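**Q** start.cif is the file, holding mmCIF, C-alpha atoms and all ligand atoms:
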```cif
data_run
loop_
_atom_site.label_atom_id
_atom_site.label_comp_id
_atom_site.auth_asym_id
_atom_site.auth_seq_id
_atom_site.Cartn_x
_atom_site.Cartn_y
_atom_site.Cartn_z
CA MET A 1 101.01 35.81 34.18
CA GLY A 2 97.61 36.51 32.71
CA ILE A 3 96.55 38.96 30.04
CA GLU A 4 94.50 41.84 31.33
CA THR A 5 92.72 44.94 30.11
CA LYS A 6 90.39 47.43 31.80
CA PHE A 7 87.87 49.86 30.36
CA GLN A 8 85.18 52.11 31.76
CA VAL A 9 81.43 52.08 31.21
CA LYS A 10 79.56 55.33 31.81
CA ALA A 11 76.01 55.29 33.09
CA ARG A 12 73.99 58.29 34.26
CA ALA A 13 74.48 57.66 37.95
CA LYS A 14 78.02 56.31 37.88
CA GLU A 15 80.95 55.06 35.90
CA TYR A 16 82.32 51.59 36.51
CA PRO A 17 85.15 49.43 35.20
CA ILE A 18 85.10 46.15 33.31
CA PHE A 19 88.22 44.07 33.92
CA LEU A 20 88.80 41.60 31.14
CA GLY A 21 91.56 39.01 31.09
CA THR A 22 92.79 35.58 32.07
CA ASP A 23 93.32 34.30 35.58
CA LEU A 24 91.21 37.07 37.09
CA LEU A 25 89.15 34.85 39.40
CA ARG A 26 92.17 34.25 41.59
CA LYS A 27 92.86 37.99 41.61
CA THR A 28 89.31 39.12 42.38
CA GLY A 29 89.92 39.99 46.05
CA MET A 30 92.96 42.04 45.13
CA ILE A 31 91.13 43.86 42.31
CA LEU A 32 88.24 44.73 44.63
CA ARG A 33 90.62 46.08 47.24
CA LYS A 34 92.55 48.13 44.68
CA GLU A 35 89.23 49.70 43.64
CA GLY A 36 88.62 50.69 47.25
CA LEU A 37 86.04 48.05 48.17
CA THR A 38 86.21 46.38 51.57
CA GLY A 39 84.01 44.65 54.14
CA LYS A 40 81.61 41.78 53.70
CA ALA A 41 81.01 39.88 50.48
CA LEU A 42 78.06 37.60 49.78
CA VAL A 43 78.69 35.43 46.72
CA VAL A 44 75.72 34.10 44.75
CA THR A 45 76.33 31.23 42.35
CA ASN A 46 74.65 28.07 41.10
CA SER A 47 75.02 24.38 41.87
CA LYS A 48 77.12 23.75 38.73
CA LEU A 49 79.50 26.70 38.98
CA SER A 50 80.10 26.22 42.69
CA GLY A 51 81.98 23.00 41.88
CA LEU A 52 83.97 24.66 39.11
CA TYR A 53 84.94 28.15 40.22
CA LEU A 54 83.93 28.92 43.78
CA LYS A 55 87.19 27.73 45.33
CA PRO A 56 89.55 30.16 43.53
CA LEU A 57 87.12 33.05 44.05
CA VAL A 58 86.59 32.42 47.74
CA GLY A 59 90.32 31.86 48.20
CA SER A 60 91.08 35.25 46.68
CA LEU A 61 88.44 36.97 48.83
CA GLU A 62 89.95 35.38 51.93
CA GLN A 63 93.45 36.42 50.95
CA ALA A 64 92.31 40.02 50.47
CA GLY A 65 90.65 40.06 53.89
CA PHE A 66 86.96 39.98 52.93
CA SER A 67 84.64 38.12 55.25
CA HIS A 68 82.38 36.16 52.94
CA GLN A 69 79.47 33.77 52.65
CA VAL A 70 77.96 31.91 49.73
CA VAL A 71 74.39 31.32 48.50
CA ILE A 72 73.88 28.49 46.03
CA ILE A 73 70.91 28.62 43.67
CA PRO A 74 69.86 25.54 41.66
CA ASP A 75 70.96 25.65 38.01
CA GLY A 76 68.35 26.71 35.45
CA GLU A 77 66.26 29.55 34.04
CA GLU A 78 63.27 28.38 36.12
CA TYR A 79 65.17 29.45 39.23
CA LYS A 80 65.41 33.08 38.08
CA SER A 81 62.52 33.73 40.42
CA LEU A 82 61.44 35.85 43.36
CA ALA A 83 61.60 32.73 45.55
CA GLN A 84 65.35 32.49 44.90
CA VAL A 85 65.82 36.23 45.40
CA GLU A 86 64.26 35.75 48.81
CA LYS A 87 66.88 33.13 49.55
CA VAL A 88 69.52 35.77 48.81
CA TYR A 89 67.71 38.31 51.05
CA ASP A 90 67.63 35.71 53.87
CA ALA A 91 71.36 35.10 53.58
CA ALA A 92 72.05 38.85 53.34
CA ALA A 93 70.03 39.51 56.51
CA ALA A 94 71.64 36.63 58.42
CA PHE A 95 75.09 37.86 57.36
CA ARG A 96 74.15 41.45 58.37
CA LEU A 97 75.05 42.87 54.98
CA GLU A 98 75.40 46.66 54.94
CA ARG A 99 75.00 49.16 52.11
CA SER A 100 78.75 49.20 51.57
CA SER A 101 78.88 45.38 51.44
CA LEU A 102 79.23 43.45 48.21
CA LEU A 103 76.85 41.09 46.48
CA ILE A 104 78.91 39.11 43.98
CA ALA A 105 77.28 37.22 41.10
CA LEU A 106 79.37 34.29 39.87
CA GLY A 107 77.53 32.81 36.91
CA GLY A 108 75.76 33.29 33.62
CA GLY A 109 72.88 35.62 32.83
CA VAL A 110 70.50 33.85 35.20
CA ILE A 111 72.70 34.36 38.27
CA GLY A 112 73.71 37.87 37.13
CA ASP A 113 70.13 39.07 36.61
CA LEU A 114 68.87 37.52 39.86
CA THR A 115 71.75 38.72 42.02
CA GLY A 116 71.59 42.19 40.48
CA PHE A 117 67.91 42.42 41.33
CA ALA A 118 68.61 41.36 44.91
CA ALA A 119 71.44 43.93 45.06
CA SER A 120 69.20 46.70 43.71
CA THR A 121 66.54 46.11 46.35
CA TYR A 122 68.25 44.87 49.50
CA LEU A 123 68.71 47.90 51.78
CA ARG A 124 67.61 49.89 48.68
CA GLY A 125 70.87 49.02 47.04
CA VAL A 126 74.13 47.32 47.98
CA LYS A 127 77.27 47.13 45.87
CA PHE A 128 76.87 44.70 42.99
CA ILE A 129 79.84 42.90 41.42
CA GLN A 130 79.40 40.79 38.30
CA ILE A 131 81.68 37.87 37.46
CA PRO A 132 80.03 36.63 34.26
CA THR A 133 80.87 33.05 33.32
CA THR A 134 79.03 32.49 30.01
CA LEU A 135 79.99 34.25 26.80
CA LEU A 136 76.47 35.69 26.65
CA ALA A 137 76.78 37.11 30.14
CA GLN A 138 80.24 38.52 29.39
CA VAL A 139 79.13 40.51 26.35
CA ASP A 140 75.47 41.10 26.97
CA SER A 141 73.74 40.60 30.31
CA SER A 142 76.58 41.99 32.46
CA VAL A 143 76.67 45.24 30.46
CA GLY A 144 73.83 47.72 30.58
CA GLY A 145 72.38 47.42 34.06
CA LYS A 146 69.19 45.48 33.38
CA VAL A 147 68.53 43.15 36.30
CA GLY A 148 65.47 41.12 37.15
CA VAL A 149 63.62 37.86 37.50
CA ASN A 150 60.86 35.99 35.69
CA HIS A 151 57.20 35.84 36.66
CA ARG A 152 54.78 33.09 35.66
CA GLU A 153 53.16 35.63 33.31
CA GLY A 154 56.38 36.29 31.43
CA LYS A 155 60.17 36.48 31.32
CA ASN A 156 61.94 39.37 33.04
CA LEU A 157 58.65 40.96 34.10
CA ILE A 158 60.07 42.06 37.45
CA GLY A 159 63.23 44.09 37.37
CA ALA A 160 65.18 47.29 37.61
CA PHE A 161 67.97 49.27 36.00
CA TYR A 162 70.88 48.87 38.38
CA GLN A 163 74.49 49.31 37.32
CA PRO A 164 77.19 47.14 38.90
CA ALA A 165 80.12 48.63 40.81
CA MET A 166 82.42 46.51 38.69
CA VAL A 167 82.51 43.63 36.22
CA ILE A 168 85.33 41.08 36.35
CA THR A 169 85.44 38.91 33.24
CA ASP A 170 87.81 35.96 33.32
CA LEU A 171 88.19 34.41 29.86
CA LYS A 172 89.52 31.16 31.28
CA VAL A 173 86.11 30.17 32.64
CA LEU A 174 84.95 29.82 29.05
CA ASP A 175 87.09 26.66 28.76
CA THR A 176 84.35 24.65 30.48
CA LEU A 177 81.39 26.24 28.68
CA GLU A 178 79.41 23.79 26.53
CA GLY A 179 79.68 24.30 22.75
CA ARG A 180 76.04 25.27 22.35
CA GLU A 181 76.25 27.90 25.10
CA PHE A 182 79.41 29.29 23.52
CA LYS A 183 77.72 29.59 20.13
CA SER A 184 74.70 31.24 21.71
CA GLY A 185 76.99 33.94 23.14
CA LEU A 186 78.72 34.31 19.78
CA ALA A 187 75.34 35.22 18.25
CA GLU A 188 75.23 38.33 20.47
CA ILE A 189 78.78 39.25 19.43
CA ILE A 190 77.84 38.79 15.77
CA LYS A 191 74.85 41.05 16.44
CA ALA A 192 77.18 43.78 17.72
CA GLY A 193 79.26 43.46 14.54
CA LEU A 194 76.22 43.59 12.27
CA ILE A 195 74.52 46.59 13.84
CA GLY A 196 77.39 48.66 15.15
CA ASP A 197 80.96 47.64 14.51
CA PRO A 198 82.15 46.80 10.97
CA ASP A 199 85.65 46.01 12.30
CA LEU A 200 84.18 43.40 14.60
CA PHE A 201 82.20 42.01 11.66
CA ARG A 202 85.37 41.70 9.56
CA TYR A 203 87.32 40.17 12.44
CA LEU A 204 84.63 37.53 12.97
CA LEU A 205 84.61 36.78 9.26
CA THR A 206 88.37 36.46 8.84
CA GLN A 207 89.39 34.94 12.20
CA SER A 208 86.68 32.34 12.65
CA GLU A 209 89.09 29.45 13.22
CA LYS A 210 90.74 31.23 16.15
CA VAL A 211 87.40 32.28 17.58
CA LYS A 212 85.95 28.79 17.31
CA LYS A 213 89.05 27.36 19.01
CA ARG A 214 88.49 29.92 21.79
CA SER A 215 91.98 31.37 21.40
CA THR A 216 92.61 33.81 24.24
CA ASN A 217 93.65 36.67 21.97
CA ALA A 218 90.64 36.23 19.71
CA LEU A 219 88.26 36.09 22.68
CA LEU A 220 89.82 39.17 24.21
CA GLU A 221 89.38 41.07 20.96
CA ILE A 222 85.75 40.14 20.27
CA ILE A 223 84.55 40.39 23.88
CA ARG A 224 86.19 43.79 24.29
CA LYS A 225 84.70 45.10 21.07
CA ALA A 226 81.22 43.73 21.80
CA CYS A 227 81.24 45.15 25.36
CA LEU A 228 82.45 48.54 24.18
CA PHE A 229 79.73 48.67 21.56
CA LYS A 230 76.97 47.76 24.00
CA ALA A 231 78.36 50.12 26.63
CA GLN A 232 78.37 52.99 24.15
CA VAL A 233 74.74 52.36 23.16
CA VAL A 234 73.73 52.12 26.82
CA GLU A 235 75.59 55.32 27.64
CA GLU A 236 73.47 57.13 25.09
CA ASP A 237 70.18 55.66 26.25
CA GLU A 238 70.43 53.97 29.65
CA PHE A 239 66.68 53.54 30.14
CA GLU A 240 65.81 52.32 26.64
CA LEU A 241 63.83 55.35 25.55
CA GLY A 242 65.30 55.42 22.05
CA ARG A 243 68.50 54.14 20.45
CA ARG A 244 69.04 51.27 22.91
CA ALA A 245 66.23 49.47 21.10
CA ILE A 246 68.67 48.65 18.27
CA LEU A 247 70.11 46.03 20.62
CA ASN A 248 66.89 44.12 19.96
CA TYR A 249 68.15 43.30 16.46
CA GLY A 250 67.01 39.77 15.67
CA HIS A 251 64.73 39.71 18.71
CA THR A 252 61.42 40.41 16.95
CA ILE A 253 61.37 37.05 15.19
CA GLY A 254 63.72 35.42 17.73
CA HIS A 255 61.54 36.14 20.72
CA ALA A 256 58.36 35.06 18.90
CA LEU A 257 60.10 31.79 18.08
CA GLU A 258 61.17 31.26 21.69
CA VAL A 259 57.63 31.85 22.93
CA GLU A 260 56.07 29.72 20.18
CA THR A 261 58.38 26.77 20.83
CA GLY A 262 57.99 27.13 24.59
CA TYR A 263 61.58 28.15 25.43
CA GLY A 264 64.00 25.29 26.08
CA VAL A 265 64.06 24.34 22.38
CA TYR A 266 66.36 27.17 21.32
CA ARG A 267 69.07 28.83 23.34
CA HIS A 268 68.43 32.57 23.31
CA GLY A 269 71.34 33.25 20.94
CA GLU A 270 70.13 30.61 18.50
CA ALA A 271 66.69 32.20 18.33
CA VAL A 272 68.34 35.61 17.86
CA ALA A 273 70.49 34.18 15.04
CA ILE A 274 67.35 33.05 13.18
CA GLY A 275 65.85 36.46 13.94
CA MET A 276 68.88 38.25 12.49
CA ALA A 277 68.71 36.15 9.33
CA GLY A 278 65.03 37.13 9.10
CA ALA A 279 65.61 40.82 9.75
CA ALA A 280 68.35 40.89 7.11
CA LEU A 281 66.01 39.29 4.58
CA ILE A 282 63.21 41.72 5.44
CA GLY A 283 65.66 44.63 5.06
CA GLU A 284 66.45 43.36 1.59
CA LEU A 285 62.80 42.74 0.64
CA VAL A 286 61.66 46.23 1.72
CA GLY A 287 64.65 47.80 -0.01
CA ILE A 288 66.19 49.34 3.14
CA SER A 289 69.38 47.28 3.07
CA ARG A 290 72.09 47.66 0.50
CA PRO A 291 72.55 44.71 -1.85
CA GLY A 292 74.77 42.08 -0.25
CA VAL A 293 73.89 42.77 3.39
CA TRP A 294 71.58 39.76 3.65
CA GLU A 295 74.12 37.43 1.95
CA GLN A 296 76.94 38.58 4.24
CA THR A 297 74.77 38.25 7.32
CA MET A 298 73.91 34.69 6.31
CA GLU A 299 77.56 33.90 5.57
CA LEU A 300 78.66 34.97 9.04
CA LEU A 301 75.88 33.17 10.89
CA LYS A 302 76.52 29.95 8.95
CA LEU A 303 80.27 30.23 9.46
CA TYR A 304 79.65 29.85 13.20
CA GLY A 305 77.13 27.04 12.76
CA LEU A 306 74.20 29.13 13.98
CA PRO A 307 70.68 28.28 12.81
CA VAL A 308 69.14 30.50 10.12
CA GLU A 309 65.91 28.66 9.32
CA ILE A 310 62.47 28.67 10.86
CA PRO A 311 61.07 25.22 11.63
CA GLY A 312 57.67 24.31 10.12
CA ILE A 313 55.54 26.72 12.14
CA PRO A 314 52.67 28.61 10.44
CA ALA A 315 54.02 32.04 9.45
CA GLU A 316 50.81 33.68 10.56
CA ARG A 317 51.10 32.23 14.06
CA LEU A 318 54.61 33.60 14.44
CA PHE A 319 53.45 36.95 13.12
CA GLY A 320 50.66 36.95 15.72
CA ARG A 321 53.22 36.29 18.46
CA MET A 322 55.24 39.31 17.33
CA ALA A 323 52.22 41.56 17.67
CA LEU A 324 51.80 40.40 21.30
CA ASP A 325 55.40 41.12 22.26
CA LYS A 326 55.89 43.52 25.17
CA LYS A 327 58.16 45.66 23.00
CA VAL A 328 55.34 46.39 20.54
CA LYS A 329 54.48 50.10 20.63
CA LYS A 330 50.94 51.30 19.97
CA GLY A 331 50.13 48.05 18.17
CA GLU A 332 53.04 48.44 15.72
CA ILE A 333 55.70 45.74 15.53
CA ARG A 334 59.11 47.38 15.67
CA TRP A 335 61.88 46.12 13.43
CA VAL A 336 65.58 46.73 13.70
CA LEU A 337 67.08 46.58 10.21
CA THR A 338 70.60 47.01 8.84
CA PRO A 339 70.87 49.47 5.90
CA LYS A 340 74.54 48.46 5.69
CA LEU A 341 76.87 46.32 7.77
CA GLY A 342 77.62 48.02 11.07
CA GLU A 343 74.57 50.28 10.99
CA ALA A 344 71.04 49.88 12.38
CA VAL A 345 67.71 51.67 12.03
CA ILE A 346 64.38 51.12 13.74
CA LYS A 347 61.29 50.79 11.55
CA ASP A 348 57.65 50.11 12.17
CA LYS A 349 54.66 49.89 9.81
CA LEU A 350 56.35 47.35 7.56
CA PRO A 351 53.89 45.62 5.19
CA PRO A 352 52.69 42.35 6.80
CA GLU A 353 52.83 40.58 3.40
CA ILE A 354 56.57 41.15 3.27
CA ILE A 355 57.11 39.84 6.78
CA LEU A 356 55.07 36.74 5.96
CA GLU A 357 56.95 36.25 2.71
CA ALA A 358 60.27 36.42 4.56
CA LEU A 359 59.07 33.96 7.24
CA CYS A 360 57.91 31.52 4.53
CA ARG A 361 61.17 31.82 2.61
CA MET A 362 62.92 30.86 5.85
CA GLY A 363 60.85 27.69 6.31
CA ALA A 364 57.64 28.79 8.03
CA ILE A 365 54.40 27.39 6.63
CA GLY A 366 52.56 29.82 4.35
CA GLY A 367 48.87 30.48 4.02
CA GLY A 368 48.20 34.22 3.70
CA LEU A 369 46.99 36.74 6.22
CA SER A 370 43.56 36.35 7.73
CA SER A 371 41.89 39.60 8.66
N1 LIG B 1 70.29 41.67 31.80
C1 LIG B 1 70.38 41.67 30.51
O1 LIG B 1 70.60 42.68 29.86
C2 LIG B 1 70.26 40.36 29.78
C3 LIG B 1 70.64 40.26 28.44
C4 LIG B 1 70.56 39.01 27.82
C5 LIG B 1 70.12 37.91 28.53
N2 LIG B 1 69.74 38.05 29.84
C6 LIG B 1 69.29 36.89 30.63
O2 LIG B 1 70.36 35.97 30.73
C7 LIG B 1 69.84 34.67 30.93
C8 LIG B 1 70.58 33.71 30.05
O3 LIG B 1 71.93 33.74 30.42
P1 LIG B 1 72.95 32.59 29.98
O4 LIG B 1 72.77 32.30 28.55
O5 LIG B 1 74.27 33.00 30.50
O6 LIG B 1 72.36 31.30 30.72
P2 LIG B 1 72.65 30.63 32.15
O7 LIG B 1 73.02 31.60 33.16
O8 LIG B 1 71.48 29.74 32.41
O9 LIG B 1 73.91 29.68 31.83
C9 LIG B 1 73.78 28.67 30.87
C10 LIG B 1 74.31 27.32 31.41
O10 LIG B 1 75.72 27.36 31.43
C11 LIG B 1 76.20 27.00 32.73
N3 LIG B 1 77.47 27.72 32.90
C12 LIG B 1 77.64 29.03 33.16
N4 LIG B 1 78.94 29.34 33.11
C13 LIG B 1 79.61 28.19 32.85
C14 LIG B 1 80.98 27.88 32.68
N5 LIG B 1 81.94 28.81 32.72
N6 LIG B 1 81.32 26.59 32.46
C15 LIG B 1 80.35 25.62 32.37
N7 LIG B 1 79.04 25.87 32.49
C16 LIG B 1 78.69 27.15 32.73
C17 LIG B 1 75.10 27.40 33.65
O11 LIG B 1 75.18 26.70 34.88
C18 LIG B 1 73.87 27.02 32.82
O12 LIG B 1 73.62 25.64 32.94
C19 LIG B 1 68.36 34.75 30.66
O13 LIG B 1 67.66 34.70 31.87
C20 LIG B 1 68.18 36.12 30.01
O14 LIG B 1 66.92 36.68 30.28
C21 LIG B 1 69.82 39.24 30.46
#
```
Written as structure tokens, how would this file's structure read?
Ligand SMILES: NC(=O)c1ccc[n+]([C@@H]2O[C@H](COP(=O)([O-])OP(=O)(O)OC[C@H]3O[C@@H](n4cnc5c(N)ncnc54)[C@H](O)[C@@H]3O)[C@@H](O)[C@H]2O)c1
**A**
Amino acid sequence: MGIETKFQVKARAKEYPIFLGTDLLRKTGMILRKEGLTGKALVVTNSKLSGLYLKPLVGSLEQAGFSHQVVIIPDGEEYKSLAQVEKVYDAAAAFRLERSSLLIALGGGVIGDLTGFAASTYLRGVKFIQIPTTLLAQVDSSVGGKVGVNHREGKNLIGAFYQPAMVITDLKVLDTLEGREFKSGLAEIIKAGLIGDPDLFRYLLTQSEKVKKRSTNALLEIIRKACLFKAQVVEEDEFELGRRAILNYGHTIGHALEVETGYGVYRHGEAVAIGMAGAALIGELVGISRPGVWEQTMELLKLYGLPVEIPGIPAERLFGRMALDKKVKKGEIRWVLTPKLGEAVIKDKLPPEIILEALCRMGAIGGGLSS
């Protein structure tokens, strides 16, 4: 018997459930049927996950009477591309997928984003089911409806807002997730605690041993809380016109670092962890954060072995990268800061000297601002 919980996410166009528990892969077909879904199912996964989890999923689809086919994408961020989406379209056309048919993503954020984009565009929209298999995908990319692929000019340049019909999150798949990937996902959960859920923050602080050991109960608790927090923010601002931007906490520095180091050096969550350490320090330096917020942020990030330092990159170069970010508005870099734990505000027009000071205190190479 597995543990199981279900909660709803509300988006403008529809409301959909997230099933969270153990042993759900083998129950997927039954869950889909219970929710009234029938017909054809095209599963999209990658070359690594197909060996690990395709069999129980396909078995459960068969048992529940779904006719199904599978598309296998090579493993890696570089395959989050239009060329691979076309492969999904080809399979969908050959399988004669209809609007009521299902496109099922079995994988991490790469497979989820790519499959979701294919689902949003094929026949102007078929039913999209997410089965996220990384911690990051379970708490972040599978919630909120952003789908898309990369373009040679930038990450996630092509995409849509397209909500899934359902998310099925099986905690057991995390058993095979590499330590670094697990930690990267934890960074997004820590982010949710820092900007929106003080209970989650306290839980992460006091139950770190259980979390690090991937205890089922601990995972259930933190994944549920992080999903609920993100879902609530998305409910308020589905198309990122306002409050949803707080989810970019840690991303201003984090994204600049990813671009500067050419991706591949840091996992996304690691770069965000450094970015959160930086944002907390900036909050303290500009006097927006209460005393102690920076120290507690650092304590939590270090507790989970996440990086909090900037490698020897010129501070000014990183600052320049931030100004080029696609999220910059009217030339102003936007900062998400935490006045207290569990609360976030968005600020722009912060003094560049303070940003540079914070970057240097974190390990970047100083040198002053050139005009
Ligand atoms: N849509 C959104 O809102 C959103 C939010 C955040 C990130 N993203 C996107 O998500 C992507 C990153 O996702 P990710 O971190 O999940 O990376 P990923 O999908 O590349 O997965 C990371 C690695 O883990 C492997 N893996 C996945 N599940 C596994 C499991 N259970 N056991 C063993 N190995 C497993 C994958 O094959 C891959 O090698 C990026 O493309 C990013 O842009 C999207």
**Q** If I take CA of Phe201 in chain A and atom O8 of ligand LIG 1 (chain B), how far is one from the other in Å, to one decimal?
**A**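 Those two atoms sit 26.4 Å apart.
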**Q** Choose the residue, out of A:Gly116, A:Gly159, A:Gly264, A:Pro291, that has the smallest atom-to-atom separation from Leu103 in chain A; count all atoms listed in the file.
**A**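 Once distances to Leu103 in chain A are computed over all atoms listed in the file, the minimum belongs to A:Gly116.
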**Q** Measuring atom to atom with only C-alpha atoms and all ligand atoms, identify which of A:Val233, A:Leu318, A:Ala192, A:Leu52 is nearest to ligand LIG 1 (chain B).
**A**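 Smallest separation from ligand LIG 1 (chain B) among the options: A:Leu52.
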**Q** My list of candidates is A:Gly39, A:Pro56, A:Gly269, A:Gly254. Which is closest to Asp140 in chain A when distances are computed with only C-alpha atoms?
**A**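 Nearest to Asp140 in chain A: A:Gly269.
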**Q** Between CA of Ala280 in chain A and CA of Val293 in chain A, what is the distance, to one decimal in Å?
**A** 6.9 Å
**Q** If the limit is 8 Å from any atom of ligand LIG 1 (chain B), counting all atoms listed in the file, which residues qualify? Return them as a ChimeraX atom specification.
**A** /A:46-49,52,75-77,80,107-113,132-137,140-150,155-156,173-178,181,184-185,267-269
**Q** Using Å and a single decimal, report how far CA of Tyr203 in chain A sits from CA of Arg361 in chain A.
**A** 29.2 Å
**Q** Env of Leu171 in chain A: 10 Å cut, atoms = only C-alpha atoms, seq-sep filter 2 positions within chain, self excluded. Answer as a list in words.
**A**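 Residues near the query, excluding close chain neighbours: Ile3, Glu4, Leu20, Gly21, Thr22, Asp23, Leu24, Leu25, Pro132, Thr133, Thr134, Leu135, Gln138, Ile168, Thr169, Val173, Leu174, Asp175, Arg214, Ser215, Thr216, Asn217, Leu219, Leu220 and Ile223 of chain A.
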**Q** Limited to C-alpha atoms, could you put the picked residues into a file as a short mmCIF file (atom, residue, chain, number, x, y, z; two decimals), in the coordinates of the input?
**A**
```
data_model
loop_
_atom_site.label_atom_id
_atom_site.label_comp_id
_atom_site.auth_asym_id
_atom_site.auth_seq_id
_atom_site.Cartn_x
_atom_site.Cartn_y
_atom_site.Cartn_z
CA ILE A 3 96.55 38.96 30.04
CA GLU A 4 94.50 41.84 31.33
CA LEU A 20 88.80 41.60 31.14
CA GLY A 21 91.56 39.01 31.09
CA THR A 22 92.79 35.58 32.07
CA ASP A 23 93.32 34.30 35.58
CA LEU A 24 91.21 37.07 37.09
CA LEU A 25 89.15 34.85 39.40
CA PRO A 132 80.03 36.63 34.26
CA THR A 133 80.87 33.05 33.32
CA THR A 134 79.03 32.49 30.01
CA LEU A 135 79.99 34.25 26.80
CA GLN A 138 80.24 38.52 29.39
CA ILE A 168 85.33 41.08 36.35
CA THR A 169 85.44 38.91 33.24
CA VAL A 173 86.11 30.17 32.64
CA LEU A 174 84.95 29.82 29.05
CA ASP A 175 87.09 26.66 28.76
CA ARG A 214 88.49 29.92 21.79
CA SER A 215 91.98 31.37 21.40
CA THR A 216 92.61 33.81 24.24
CA ASN A 217 93.65 36.67 21.97
CA LEU A 219 88.26 36.09 22.68
CA LEU A 220 89.82 39.17 24.21
CA ILE A 223 84.55 40.39 23.88
#
```
**Q** Any chance you could tabulate, as JSON lines, the residues of range 174-221 of chain A at most 12 Å from range 345-348 of chain A with each one's nearest atom pair and distance in Å to one decimal, using only C-alpha atoms, in chain and rising number order?
**A**
```
{"residue": "A:Leu194", "atom": "CA", "partner": "A:Val345", "partner_atom": "CA", "distance": 11.7}
{"residue": "A:Ile195", "atom": "CA", "partner": "A:Val345", "partner_atom": "CA", "distance": 8.7}
{"residue": "A:Gly196", "atom": "CA", "partner": "A:Val345", "partner_atom": "CA", "distance": 10.6}
```
**Q** Which residues are near Tyr266 in chain A? Cut-off 10 Å, all atoms listed in the file, ignore same chain within fewer than 5 positions. Put them as a list in words.
**A**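 Once the nearby chain positions are removed, what remains is Arg180, Ser184, Gly254, Leu257, Glu258, Thr261, Ala271, Val272 and Pro307 of chain A.
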**Q** Can you tell me, as a ChimeraX atom specification, what residues are no more than 8 Å from range 83-86 of chain A when counting only C-alpha atoms, ignoring any on the same chain fewer than 4 positions away?
**A** /A:73,79,90,114-115,117-118
**Q** Closest to Glu343 in chain A among A:Ile246, A:Ala13, A:Ala226, A:Ala323, using only C-alpha atoms?
**A** A:Ile246
**Q** Determine the nearest neighbour of Thr121 in chain A from the options A:Lys55, A:Arg99, A:Ser67, A:Ser81, counting all atoms listed in the file.
**A**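 Going through A:Lys55, A:Arg99, A:Ser67, A:Ser81 one by one, the smallest distance to Thr121 in chain A is for A:Arg99.
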**Q** Might you pull out every residue within 9 Å of Ile288 in chain A, with all atoms listed in the file counted and same-chain residues fewer than 2 positions away left off, and present them as a ChimeraX atom specification?
**A** /A:282-286,290,337-340
**Q** Would you list the contacts of Glu15 in chain A as a list in words, taking every protein, DNA or RNA residue within 10 Å and counting all atoms listed in the file, but skipping same-chain residues closer than 6 positions in sequence?
**A**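 Contacts, in chain order: Gln8, Val9, Gln163, Pro164, Ala165, Met166 and Glu235 of chain A.
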**Q** Those selected residues, please, written with C-alpha atoms and delivered as an mmCIF file, in the coordinates of the input.
**A**
```
data_model
loop_
_atom_site.group_PDB
_atom_site.id
_atom_site.type_symbol
_atom_site.label_atom_id
_atom_site.label_comp_id
_atom_site.auth_asym_id
_atom_site.auth_seq_id
_atom_site.Cartn_x
_atom_site.Cartn_y
_atom_site.Cartn_z
ATOM 1 C CA GLN A 8 85.180 52.110 31.760
ATOM 2 C CA VAL A 9 81.430 52.080 31.210
ATOM 3 C CA GLN A 163 74.490 49.310 37.320
ATOM 4 C CA PRO A 164 77.190 47.140 38.900
ATOM 5 C CA ALA A 165 80.120 48.630 40.810
ATOM 6 C CA MET A 166 82.420 46.510 38.690
ATOM 7 C CA GLU A 235 75.590 55.320 27.640
#
```
**Q** Given all atoms listed in the file as the basis, pick out the residue of A:Lys225, A:Gly36, A:Gly242, A:Gly342 nearest to Pro198 in chain A.
**A**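 With all atoms listed in the file as the atom set, the closest residue is A:Gly342.
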